[in-house]
$ cat protein16.pdb   # PDB, C-alpha atoms
ATOM      1  CA  MET A   1      87.921  61.014  83.945
ATOM      2  CA  ILE A   2      89.560  64.338  83.208
ATOM      3  CA  GLU A   3      89.018  65.510  86.809
ATOM      4  CA  ILE A   4      90.466  62.263  88.190
ATOM      5  CA  ALA A   5      93.529  62.590  85.931
ATOM      6  CA  ALA A   6      94.006  66.227  86.982
ATOM      7  CA  ARG A   7      93.778  65.336  90.681
ATOM      8  CA  GLN A   8      96.210  62.456  90.211
ATOM      9  CA  SER A   9      98.653  64.756  88.430
ATOM     10  CA  GLN A  10      98.345  67.348  91.204
ATOM     11  CA  LEU A  11      98.916  64.643  93.821
ATOM     12  CA  GLU A  12     102.036  63.451  91.992
ATOM     13  CA  GLN A  13     103.387  66.997  91.847
ATOM     14  CA  THR A  14     102.776  67.451  95.597
ATOM     15  CA  VAL A  15     104.513  64.162  96.411
ATOM     16  CA  SER A  16     107.428  65.119  94.161
ATOM     17  CA  LYS A  17     107.818  68.498  95.899
ATOM     18  CA  LEU A  18     107.658  66.923  99.367
ATOM     19  CA  THR A  19     110.232  64.317  98.335
ATOM     20  CA  GLY A  20     112.553  67.027  97.038
ATOM     21  CA  LEU A  21     112.132  69.011 100.258
ATOM     22  CA  MET A  22     112.888  65.968 102.439
ATOM     23  CA  LEU A  23     115.958  65.118 100.364
ATOM     24  CA  THR A  24     117.221  68.690 100.668
ATOM     25  CA  ILE A  25     116.813  68.622 104.460
ATOM     26  CA  LEU A  26     118.558  65.240 104.698
ATOM     27  CA  ILE A  27     121.455  66.376 102.501
ATOM     28  CA  PHE A  28     121.874  69.563 104.551
ATOM     29  CA  GLY A  29     121.778  67.570 107.787
ATOM     30  CA  LEU A  30     124.348  65.127 106.394
ATOM     31  CA  ILE A  31     126.658  67.977 105.377
ATOM     32  CA  VAL A  32     126.378  69.555 108.835
ATOM     33  CA  PHE A  33     127.066  66.191 110.510
ATOM     34  CA  ILE A  34     130.146  65.558 108.365
ATOM     35  CA  ALA A  35     131.423  69.101 108.911
ATOM     36  CA  PHE A  36     131.104  68.880 112.701
ATOM     37  CA  SER A  37     132.625  65.394 112.720
ATOM     38  CA  LEU A  38     135.656  66.681 110.851
ATOM     39  CA  ALA A  39     135.788  69.810 113.021
ATOM     40  CA  GLU A  40     136.188  67.718 116.169
ATOM     41  CA  ARG A  41     139.541  66.508 114.834
ATOM     42  CA  THR A  42     140.827  70.017 114.068
ATOM     43  CA  GLY A  43     141.934  72.986 116.141
ATOM     44  CA  GLU A  44     139.680  75.440 117.934
ATOM     45  CA  ARG A  45     140.204  78.180 115.329
ATOM     46  CA  VAL A  46     139.134  75.910 112.471
ATOM     47  CA  GLN A  47     136.101  74.774 114.469
ATOM     48  CA  ARG A  48     135.021  78.379 114.984
ATOM     49  CA  LEU A  49     135.389  79.169 111.280
ATOM     50  CA  LEU A  50     133.388  76.073 110.320
ATOM     51  CA  LYS A  51     130.583  77.014 112.712
ATOM     52  CA  TYR A  52     130.370  80.498 111.253
ATOM     53  CA  LEU A  53     130.405  79.087 107.738
ATOM     54  CA  ILE A  54     127.703  76.466 108.396
ATOM     55  CA  PHE A  55     125.277  78.755 110.219
ATOM     56  CA  LEU A  56     125.899  81.992 108.315
ATOM     57  CA  PHE A  57     126.216  80.655 104.771
ATOM     58  CA  PRO A  58     122.508  79.697 104.341
ATOM     59  CA  ALA A  59     121.391  83.096 105.665
ATOM     60  CA  LEU A  60     123.883  84.928 103.432
ATOM     61  CA  LEU A  61     122.827  82.799 100.478
ATOM     62  CA  PHE A  62     119.128  83.601 100.994
ATOM     63  CA  LEU A  63     119.999  87.278 101.502
ATOM     64  CA  PHE A  64     121.900  87.316  98.229
ATOM     65  CA  VAL A  65     119.227  85.434  96.269
ATOM     66  CA  GLY A  66     116.285  87.348  97.736
ATOM     67  CA  LEU A  67     117.718  90.865  98.049
ATOM     68  CA  VAL A  68     121.135  91.572  96.563
ATOM     69  CA  ALA A  69     120.718  89.777  93.227
ATOM     70  CA  PRO A  70     117.238  91.260  92.509
ATOM     71  CA  ALA A  71     118.569  94.729  93.388
ATOM     72  CA  PHE A  72     121.402  94.447  90.866
ATOM     73  CA  ARG A  73     119.023  92.985  88.277
ATOM     74  CA  THR A  74     116.629  95.899  88.792
ATOM     75  CA  LEU A  75     119.513  98.343  88.354
ATOM     76  CA  PHE A  76     120.520  96.521  85.174
ATOM     77  CA  LEU A  77     116.963  96.550  83.767
ATOM     78  CA  SER A  78     116.595 100.267  84.474
ATOM     79  CA  PHE A  79     119.045 100.908  81.630
ATOM     80  CA  ARG A  80     117.269  98.552  79.210
ATOM     81  CA  ASP A  81     114.209  98.802  76.994
ATOM     82  CA  ALA A  82     110.677  97.654  77.854
ATOM     83  CA  ARG A  83     111.543  93.959  77.432
ATOM     84  CA  GLY A  84     115.046  94.234  78.873
ATOM     85  CA  LYS A  85     116.738  93.245  75.606
ATOM     86  CA  GLU A  86     118.515  96.394  74.413
ATOM     87  CA  SER A  87     120.378  99.108  76.261
ATOM     88  CA  VAL A  88     118.773 102.564  76.242
ATOM     89  CA  GLY A  89     121.191 104.367  78.552
ATOM     90  CA  TRP A  90     119.592 107.003  80.772
ATOM     91  CA  GLU A  91     116.417 107.200  78.692
ATOM     92  CA  ASN A  92     114.203 105.638  81.371
ATOM     93  CA  TYR A  93     115.410 108.120  83.999
ATOM     94  CA  HIS A  94     114.970 110.997  81.540
ATOM     95  CA  TRP A  95     111.408 109.772  80.980
ATOM     96  CA  ALA A  96     110.783 109.655  84.743
ATOM     97  CA  PHE A  97     111.805 113.304  85.237
ATOM     98  CA  THR A  98     110.242 114.815  82.096
ATOM     99  CA  GLN A  99     106.824 113.176  81.650
ATOM    100  CA  THR A 100     104.019 115.299  83.095
ATOM    101  CA  GLU A 101     102.235 112.273  84.574
ATOM    102  CA  ILE A 102     105.372 111.035  86.327
ATOM    103  CA  LEU A 103     106.161 114.524  87.601
ATOM    104  CA  ASP A 104     102.715 114.490  89.231
ATOM    105  CA  VAL A 105     103.635 111.146  90.763
ATOM    106  CA  LEU A 106     106.891 112.556  92.148
ATOM    107  CA  ARG A 107     105.039 115.601  93.475
ATOM    108  CA  ASN A 108     102.495 113.412  95.245
ATOM    109  CA  THR A 109     105.288 111.321  96.727
ATOM    110  CA  GLY A 110     106.919 114.506  98.015
ATOM    111  CA  ILE A 111     103.624 115.567  99.628
ATOM    112  CA  TRP A 112     103.344 112.163 101.299
ATOM    113  CA  MET A 113     106.947 112.423 102.549
ATOM    114  CA  VAL A 114     106.332 115.802 104.192
ATOM    115  CA  VAL A 115     102.724 115.760 105.408
ATOM    116  CA  ALA A 116     102.288 112.132 106.555
ATOM    117  CA  PRO A 117     105.342 111.875 108.882
ATOM    118  CA  LEU A 118     104.860 115.337 110.399
ATOM    119  CA  ALA A 119     101.153 114.787 111.029
ATOM    120  CA  SER A 120     101.586 111.259 112.421
ATOM    121  CA  THR A 121     104.481 112.222 114.684
ATOM    122  CA  GLY A 122     102.807 115.472 115.774
ATOM    123  CA  PHE A 123      99.526 113.811 116.724
ATOM    124  CA  GLY A 124     101.380 110.915 118.345
ATOM    125  CA  LEU A 125     103.489 113.296 120.450
ATOM    126  CA  LEU A 126     100.454 115.352 121.437
ATOM    127  CA  ILE A 127      98.497 112.285 122.545
ATOM    128  CA  ALA A 128     101.529 110.863 124.352
ATOM    129  CA  VAL A 129     101.961 114.088 126.359
ATOM    130  CA  LEU A 130      98.247 114.367 127.179
ATOM    131  CA  THR A 131      97.813 110.733 128.196
ATOM    132  CA  ASP A 132     100.997 110.840 130.265
ATOM    133  CA  ARG A 133      99.147 113.037 132.764
ATOM    134  CA  MET A 134      96.159 110.699 132.999
ATOM    135  CA  LYS A 135      95.808 108.200 135.825
ATOM    136  CA  ARG A 136      94.546 105.374 133.590
ATOM    137  CA  PRO A 137      95.635 106.075 130.014
ATOM    138  CA  GLY A 138      95.419 102.424 128.941
ATOM    139  CA  LEU A 139      91.957 102.622 127.357
ATOM    140  CA  VAL A 140      92.716 105.780 125.379
ATOM    141  CA  LYS A 141      96.035 104.416 124.146
ATOM    142  CA  SER A 142      94.439 101.106 123.182
ATOM    143  CA  LEU A 143      91.773 102.831 121.082
ATOM    144  CA  ILE A 144      94.339 105.010 119.300
ATOM    145  CA  PHE A 145      96.749 102.123 118.759
ATOM    146  CA  MET A 146      93.991  99.799 117.498
ATOM    147  CA  PRO A 147      94.241 100.901 113.803
ATOM    148  CA  MET A 148      97.814  99.521 113.798
ATOM    149  CA  ALA A 149      96.235  96.044 113.866
ATOM    150  CA  ILE A 150      94.422  96.776 110.583
ATOM    151  CA  SER A 151      96.182  96.257 107.278
ATOM    152  CA  PHE A 152      96.494  99.160 104.839
ATOM    153  CA  VAL A 153      94.092  97.360 102.507
ATOM    154  CA  GLY A 154      91.502  96.965 105.269
ATOM    155  CA  ALA A 155      91.931 100.601 106.310
ATOM    156  CA  GLY A 156      91.529 101.683 102.690
ATOM    157  CA  ILE A 157      88.234  99.823 102.395
ATOM    158  CA  ILE A 158      86.968 101.293 105.690
ATOM    159  CA  TRP A 159      87.826 104.852 104.702
ATOM    160  CA  LYS A 160      86.479 104.376 101.203
ATOM    161  CA  PHE A 161      83.070 103.995 102.843
ATOM    162  CA  VAL A 162      83.756 107.126 104.920
ATOM    163  CA  TYR A 163      84.447 109.101 101.712
ATOM    164  CA  GLN A 164      81.562 107.486  99.823
ATOM    165  CA  PHE A 165      79.444 109.936  97.813
ATOM    166  CA  GLN A 166      75.875 109.310  96.660
ATOM    167  CA  PRO A 167      74.942 111.658  93.784
ATOM    168  CA  SER A 168      71.227 110.757  93.806
ATOM    169  CA  ASP A 169      69.013 112.590  96.286
ATOM    170  CA  ARG A 170      66.616 109.645  96.346
ATOM    171  CA  VAL A 171      69.215 107.314  97.852
ATOM    172  CA  PRO A 172      70.297 107.935 101.469
ATOM    173  CA  GLU A 173      73.889 109.012 102.009
ATOM    174  CA  ILE A 174      76.133 106.338 103.515
ATOM    175  CA  GLY A 175      79.418 108.274 103.435
ATOM    176  CA  LEU A 176      80.191 109.745 106.851
ATOM    177  CA  LEU A 177      82.127 112.705 105.451
ATOM    178  CA  SER A 178      79.358 113.539 102.961
ATOM    179  CA  GLN A 179      76.723 113.322 105.692
ATOM    180  CA  ILE A 180      78.723 115.627 107.982
ATOM    181  CA  ALA A 181      79.098 118.087 105.091
ATOM    182  CA  GLU A 182      75.312 118.073 104.586
ATOM    183  CA  TRP A 183      74.708 118.678 108.301
ATOM    184  CA  LEU A 184      77.058 121.672 108.166
ATOM    185  CA  GLY A 185      75.228 123.090 105.157
ATOM    186  CA  PHE A 186      77.827 122.251 102.497
ATOM    187  CA  VAL A 187      77.155 120.471  99.242
ATOM    188  CA  PRO A 188      79.109 117.170  99.313
ATOM    189  CA  SER A 189      81.035 116.007  96.283
ATOM    190  CA  ASN A 190      82.854 112.896  95.191
ATOM    191  CA  TRP A 191      85.791 113.531  97.496
ATOM    192  CA  LEU A 192      88.232 111.116  95.871
ATOM    193  CA  LEU A 193      87.872 112.868  92.496
ATOM    194  CA  VAL A 194      88.842 116.341  93.694
ATOM    195  CA  THR A 195      92.546 117.160  93.229
ATOM    196  CA  PRO A 196      94.639 117.764  95.384
ATOM    197  CA  LEU A 197      92.105 117.161  98.169
ATOM    198  CA  ASN A 198      91.998 113.449  97.346
ATOM    199  CA  THR A 199      95.716 113.067  98.055
ATOM    200  CA  LEU A 200      95.292 114.699 101.467
ATOM    201  CA  LEU A 201      92.316 112.446 102.220
ATOM    202  CA  LEU A 202      94.435 109.394 101.415
ATOM    203  CA  ILE A 203      97.151 110.706 103.733
ATOM    204  CA  VAL A 204      94.532 110.904 106.507
ATOM    205  CA  VAL A 205      94.156 107.115 106.301
ATOM    206  CA  PHE A 206      97.918 106.647 106.670
ATOM    207  CA  VAL A 207      98.060 109.101 109.588
ATOM    208  CA  TRP A 208      95.125 107.326 111.273
ATOM    209  CA  ILE A 209      97.162 104.116 111.289
ATOM    210  CA  GLN A 210     100.622 105.472 112.097
ATOM    211  CA  THR A 211      99.608 107.838 114.912
ATOM    212  CA  GLY A 212      99.255 104.870 117.254
ATOM    213  CA  PHE A 213     102.796 103.733 116.483
ATOM    214  CA  ALA A 214     104.215 107.214 117.101
ATOM    215  CA  MET A 215     102.200 107.576 120.315
ATOM    216  CA  VAL A 216     103.440 104.298 121.830
ATOM    217  CA  VAL A 217     107.116 104.910 121.048
ATOM    218  CA  LEU A 218     107.093 108.552 122.136
ATOM    219  CA  SER A 219     105.088 107.764 125.285
ATOM    220  CA  ALA A 220     107.736 105.225 126.311
ATOM    221  CA  ALA A 221     110.456 107.824 125.698
ATOM    222  CA  ILE A 222     108.613 110.431 127.792
ATOM    223  CA  LYS A 223     108.217 108.010 130.685
ATOM    224  CA  ALA A 224     111.968 107.332 130.551
ATOM    225  CA  ILE A 225     112.752 110.989 131.343
ATOM    226  CA  PRO A 226     114.063 111.152 134.947
ATOM    227  CA  ASP A 227     111.586 112.698 137.373
ATOM    228  CA  GLU A 228     114.381 114.775 138.935
ATOM    229  CA  ILE A 229     114.779 116.793 135.721
ATOM    230  CA  LEU A 230     111.060 117.575 135.495
ATOM    231  CA  GLU A 231     110.891 118.465 139.201
ATOM    232  CA  ALA A 232     113.898 120.761 138.856
ATOM    233  CA  SER A 233     112.262 122.593 135.939
ATOM    234  CA  MET A 234     109.065 123.004 137.997
ATOM    235  CA  LEU A 235     111.042 124.439 140.924
ATOM    236  CA  ASP A 236     112.665 126.911 138.518
ATOM    237  CA  GLY A 237     109.182 128.171 137.682
ATOM    238  CA  ALA A 238     108.887 126.725 134.186
ATOM    239  CA  SER A 239     105.321 126.577 132.888
ATOM    240  CA  GLY A 240     103.828 123.467 131.294
ATOM    241  CA  TRP A 241     104.603 124.688 127.774
ATOM    242  CA  LYS A 242     108.187 125.580 128.679
ATOM    243  CA  ARG A 243     108.725 122.180 130.294
ATOM    244  CA  PHE A 244     107.445 120.559 127.125
ATOM    245  CA  ALA A 245     109.514 122.722 124.745
ATOM    246  CA  LYS A 246     112.701 123.058 126.798
ATOM    247  CA  VAL A 247     112.842 119.727 128.637
ATOM    248  CA  THR A 248     110.614 117.020 127.178
ATOM    249  CA  VAL A 249     111.299 117.573 123.469
ATOM    250  CA  PRO A 250     115.117 117.885 123.814
ATOM    251  CA  MET A 251     115.218 114.784 126.018
ATOM    252  CA  ILE A 252     113.338 112.658 123.466
ATOM    253  CA  ARG A 253     114.803 114.287 120.357
ATOM    254  CA  GLY A 254     116.504 111.059 119.277
ATOM    255  CA  THR A 255     113.268 109.097 119.551
ATOM    256  CA  ILE A 256     111.378 111.753 117.570
ATOM    257  CA  ILE A 257     113.960 111.524 114.792
ATOM    258  CA  VAL A 258     113.676 107.738 114.667
ATOM    259  CA  VAL A 259     109.863 107.883 114.553
ATOM    260  CA  LEU A 260     109.908 110.575 111.873
ATOM    261  CA  SER A 261     112.356 108.710 109.656
ATOM    262  CA  THR A 262     110.559 105.378 110.120
ATOM    263  CA  ILE A 263     107.178 106.856 109.153
ATOM    264  CA  THR A 264     108.806 108.720 106.245
ATOM    265  CA  ILE A 265     110.132 105.432 104.886
ATOM    266  CA  GLY A 266     106.633 103.965 105.192
ATOM    267  CA  ALA A 267     105.145 106.987 103.408
ATOM    268  CA  LEU A 268     107.684 106.642 100.592
ATOM    269  CA  LYS A 269     106.719 103.005 100.042
ATOM    270  CA  VAL A 270     102.944 103.443 100.439
ATOM    271  CA  PHE A 271     101.031 101.388  97.897
ATOM    272  CA  ASP A 272      98.092  99.544  99.459
ATOM    273  CA  ILE A 273      95.992 102.579 100.406
ATOM    274  CA  ILE A 274      96.242 104.166  96.975
ATOM    275  CA  ARG A 275      95.706 100.908  95.133
ATOM    276  CA  THR A 276      92.627 100.087  97.193
ATOM    277  CA  MET A 277      90.932 103.493  97.219
ATOM    278  CA  THR A 278      91.714 105.149  93.861
ATOM    279  CA  GLY A 279      93.942 102.777  91.932
ATOM    280  CA  GLY A 280      96.285 105.709  91.397
ATOM    281  CA  ASN A 281      93.717 107.560  89.265
ATOM    282  CA  PHE A 282      92.667 111.213  89.588
ATOM    283  CA  LYS A 283      96.284 112.335  90.123
ATOM    284  CA  THR A 284      96.758 110.363  93.350
ATOM    285  CA  SER A 285      99.455 107.925  92.215
ATOM    286  CA  VAL A 286     102.846 107.683  93.926
ATOM    287  CA  ILE A 287     106.127 106.041  92.929
ATOM    288  CA  ALA A 288     105.340 102.586  94.331
ATOM    289  CA  ASN A 289     101.971 102.455  92.566
ATOM    290  CA  GLU A 290     103.365 103.746  89.273
ATOM    291  CA  MET A 291     106.216 101.238  89.497
ATOM    292  CA  TYR A 292     103.595  98.482  89.748
ATOM    293  CA  ASN A 293     101.666  99.908  86.782
ATOM    294  CA  GLN A 294     104.735 100.144  84.571
ATOM    295  CA  SER A 295     106.145  96.730  85.486
ATOM    296  CA  PHE A 296     103.064  94.515  85.745
ATOM    297  CA  ARG A 297     100.338  96.269  83.767
ATOM    298  CA  ALA A 298     102.196  98.052  80.952
ATOM    299  CA  LEU A 299     104.900  95.315  81.057
ATOM    300  CA  ASN A 300     107.588  97.970  80.649
ATOM    301  CA  TYR A 301     110.353  96.575  82.828
ATOM    302  CA  GLY A 302     112.743  99.391  81.950
ATOM    303  CA  THR A 303     110.645 102.265  83.274
ATOM    304  CA  GLY A 304     109.341 100.163  86.167
ATOM    305  CA  SER A 305     112.894  99.340  87.232
ATOM    306  CA  ALA A 306     113.929 102.994  86.918
ATOM    307  CA  LEU A 307     111.109 104.004  89.268
ATOM    308  CA  ALA A 308     112.154 101.249  91.669
ATOM    309  CA  ILE A 309     115.719 102.598  91.722
ATOM    310  CA  ILE A 310     114.426 106.139  92.310
ATOM    311  CA  LEU A 311     112.358 104.839  95.225
ATOM    312  CA  PHE A 312     115.386 102.966  96.592
ATOM    313  CA  LEU A 313     117.543 106.101  96.366
ATOM    314  CA  GLY A 314     114.845 107.991  98.260
ATOM    315  CA  VAL A 315     114.739 105.450 101.083
ATOM    316  CA  LEU A 316     118.508 104.859 101.310
ATOM    317  CA  PRO A 317     119.492 108.226 102.914
ATOM    318  CA  LEU A 318     116.833 107.791 105.595
ATOM    319  CA  VAL A 319     118.051 104.300 106.451
ATOM    320  CA  ALA A 320     121.670 105.480 106.490
ATOM    321  CA  TYR A 321     120.779 108.411 108.752
ATOM    322  CA  ASN A 322     118.944 106.087 111.149
ATOM    323  CA  VAL A 323     121.962 103.787 111.371
ATOM    324  CA  MET A 324     124.351 106.713 111.940
ATOM    325  CA  HIS A 325     122.077 108.189 114.598
ATOM    326  CA  LEU A 326     121.819 104.885 116.480
ATOM    327  CA  ARG A 327     125.604 104.450 116.387
ATOM    328  CA  ARG A 328     126.089 107.986 117.695
ATOM    329  CA  GLU A 329     123.679 107.340 120.577
ATOM    330  CA  ARG A 330     125.461 104.102 121.487
ATOM    331  CA  SER A 331     128.841 105.809 121.472
ATOM    332  CA  GLU A 332     127.521 108.591 123.730
ATOM    333  CA  ARG A 333     126.302 106.012 126.257
TER     334      ARG A 333
END
$ encode --input "protein16.pdb" --output "structure tokens"
Amino acid sequence: MIEIAARQSQLEQTVSKLTGLMLTILIFGLIVFIAFSLAERTGERVQRLLKYLIFLFPALLFLFVGLVAPAFRTLFLSFRDARGKESVGWENYHWAFTQTEILDVLRNTGIWMVVAPLASTGFGLLIAVLTDRMKRPGLVKSLIFMPMAISFVGAGIIWKFVYQFQPSDRVPEIGLLSQIAEWLGFVPSNWLLVTPLNTLLLIVVFVWIQTGFAMVVLSAAIKAIPDEILEASMLDGASGWKRFAKVTVPMIRGTIIVVLSTITIGALKVFDIIRTMTGGNFKTSVIANEMYNQSFRALNYGTGSALAIILFLGVLPLVAYNVMHLRRERSER
């Protein structure tokens, strides 16, 4: 009887939600119909304003509710206590830049910002240049781009097996890295416990995924370089390295900057890999992971919001630079 009552209650809730959704759609459709009916009797300028209002207002409303309002609320909570009831001024930000654990988090985030974008873009550019000279580069590019189809969580699980360490000699080693170390005569260890090596090993997972993205974008930019410029440099006697350094790189400089900044933003926000592989333990945590810990595990909304604002301030200059760079390129065209 209890199960039947529970199912009936769940069915009633579903019907109620569907009814509310249908009513909302009908009301919106009725408003649009009335607005357009009235617009037909007005001037062209009023009609244009009504069209903008009808089609843009829902999008602006969702943007405000889903992005702008939460951003201001996060900023507000960053100056409040753990429960968001009393004002504490800049105490949460002072905590973020004075606690030893959080300073380690900021240091790790800085390492991610520098190493991950440079490695991903560097490998992507190298592969793009090498495959550009191949007759059939499709297979190679497909294999390198394939990790992009895997989520960060899936990649974390895959690489966790690669870094797996078996301390008992009686049990066969299943970790690829540990087995390679044994073949080379080294004594393997629990790789994800060794600091700061564990942070670099986590970055390898990110680079493995993002190299395919960098390769595809940079390869397209290289193919867009006019053949006349490359032929002219060859006639001038430029070697392969000089053509790469003096012609190819300057011609695709804008694309390299976009790829670098895009991957840097991704590295700043990285969460899934760390959460899946180490949980942020063993000095591998970054801002996004620590923000989650403070907000949803320690239930300290003040410090969690402060870390969110710090992360936002780190991403904002990169986004602004990307926008300015794109505008400059458009104006030059």
$ resolve_selection --input "protein16.pdb" --expression "the PyMOL selection byres ((chain A and resi 105) around 8)" --output "list in words"
Glu101, Ile102, Leu103, Asp104, Leu106, Arg107, Asn108, Thr109, Lys283, Thr284, Ser285, Val286, Ile287 and Glu290 of chain A
$ resolve_selection --input "protein16.pdb" --expression "the PyMOL selection byres ((chain A and resi 86-92) around 10)" --output "ChimeraX atom specification"
/A:76-85,93-97,301-307
$ atom_distance --input "protein16.pdb" --atom1 "CA of Leu200 (chain A)" --atom2 "CA of Gly154 (chain A)"
18.5 Å
$ resolve_selection --input "protein16.pdb" --expression "the PyMOL selection byres ((chain A and resi 132-145) around 12)" --output "VMD selection string"
chain A and resid 120 123 to 131 146 to 150 207 to 225 240 248
$ closest_residue --input "protein16.pdb" --among "A:Val247, A:Thr264, A:Ile158, A:Tyr292" --to "Asp227 (chain A)" --atoms "all atoms listed in the file"
A:Val247
$ closest_residue --input "protein16.pdb" --among "A:Thr14, A:Gly254, A:Leu75, A:Ile309" --to "Arg327 (chain A)" --atoms "all atoms listed in the file"
A:Gly254
$ closest_residue --input "protein16.pdb" --among "A:Ser331, A:Leu326, A:Ala238, A:Lys51" --to "Ser37 (chain A)" --atoms "all atoms listed in the file"
A:Lys51
$ atom_distance --input "protein16.pdb" --atom1 "CA of Ala71 (chain A)" --atom2 "CA of Ser261 (chain A)"
22.3 Å
$ atom_distance --input "protein16.pdb" --atom1 "CA of Pro317 (chain A)" --atom2 "CA of Thr255 (chain A)"
17.8 Å
$ closest_residue --input "protein16.pdb" --among "A:Ser168, A:Ser151, A:Asn281, A:Thr262" --to "Val194 (chain A)" --atoms "only C-alpha atoms"
A:Asn281
$ closest_residue --input "protein16.pdb" --among "A:Ile25, A:Ile273, A:Ala119, A:Leu235" --to "Lys160 (chain A)" --atoms "only C-alpha atoms"
A:Ile273
$ closest_residue --input "protein16.pdb" --among "A:Val205, A:Met234, A:Leu316, A:Ile263" --to "Leu118 (chain A)" --atoms "all atoms listed in the file"
A:Ile263
$ residues_around --input "protein16.pdb" --residues "Asp169 (chain A)" --least-positions-apart "6" --cutoff "12 Å" --atoms "all atoms listed in the file" --output "PyMOL selection string"
chain A and resi 182+187-188
$ residues_near_point --input "protein16.pdb" --point "(123.3, 109.5, 120.7)" --cutoff "12 Å" --atoms "only C-alpha atoms" --output "list of chain:residue names"
A:Met251, A:Ile252, A:Arg253, A:Gly254, A:Thr255, A:Ile257, A:Val258, A:Asn322, A:Val323, A:Met324, A:His325, A:Leu326, A:Arg327, A:Arg328, A:Glu329, A:Arg330, A:Ser331, A:Glu332, A:Arg333
$ write_last_selection --input "protein16.pdb" --atoms "C-alpha atoms" --output "CSV table (one decimal), in the coordinates of the input"
chain,number,residue,atom,x,y,z
A,251,MET,CA,115.2,114.8,126.0
A,252,ILE,CA,113.3,112.7,123.5
A,253,ARG,CA,114.8,114.3,120.4
A,254,GLY,CA,116.5,111.1,119.3
A,255,THR,CA,113.3,109.1,119.6
A,257,ILE,CA,114.0,111.5,114.8
A,258,VAL,CA,113.7,107.7,114.7
A,322,ASN,CA,118.9,106.1,111.1
A,323,VAL,CA,122.0,103.8,111.4
A,324,MET,CA,124.4,106.7,111.9
A,325,HIS,CA,122.1,108.2,114.6
A,326,LEU,CA,121.8,104.9,116.5
A,327,ARG,CA,125.6,104.4,116.4
A,328,ARG,CA,126.1,108.0,117.7
A,329,GLU,CA,123.7,107.3,120.6
A,330,ARG,CA,125.5,104.1,121.5
A,331,SER,CA,128.8,105.8,121.5
A,332,GLU,CA,127.5,108.6,123.7
A,333,ARG,CA,126.3,106.0,126.3
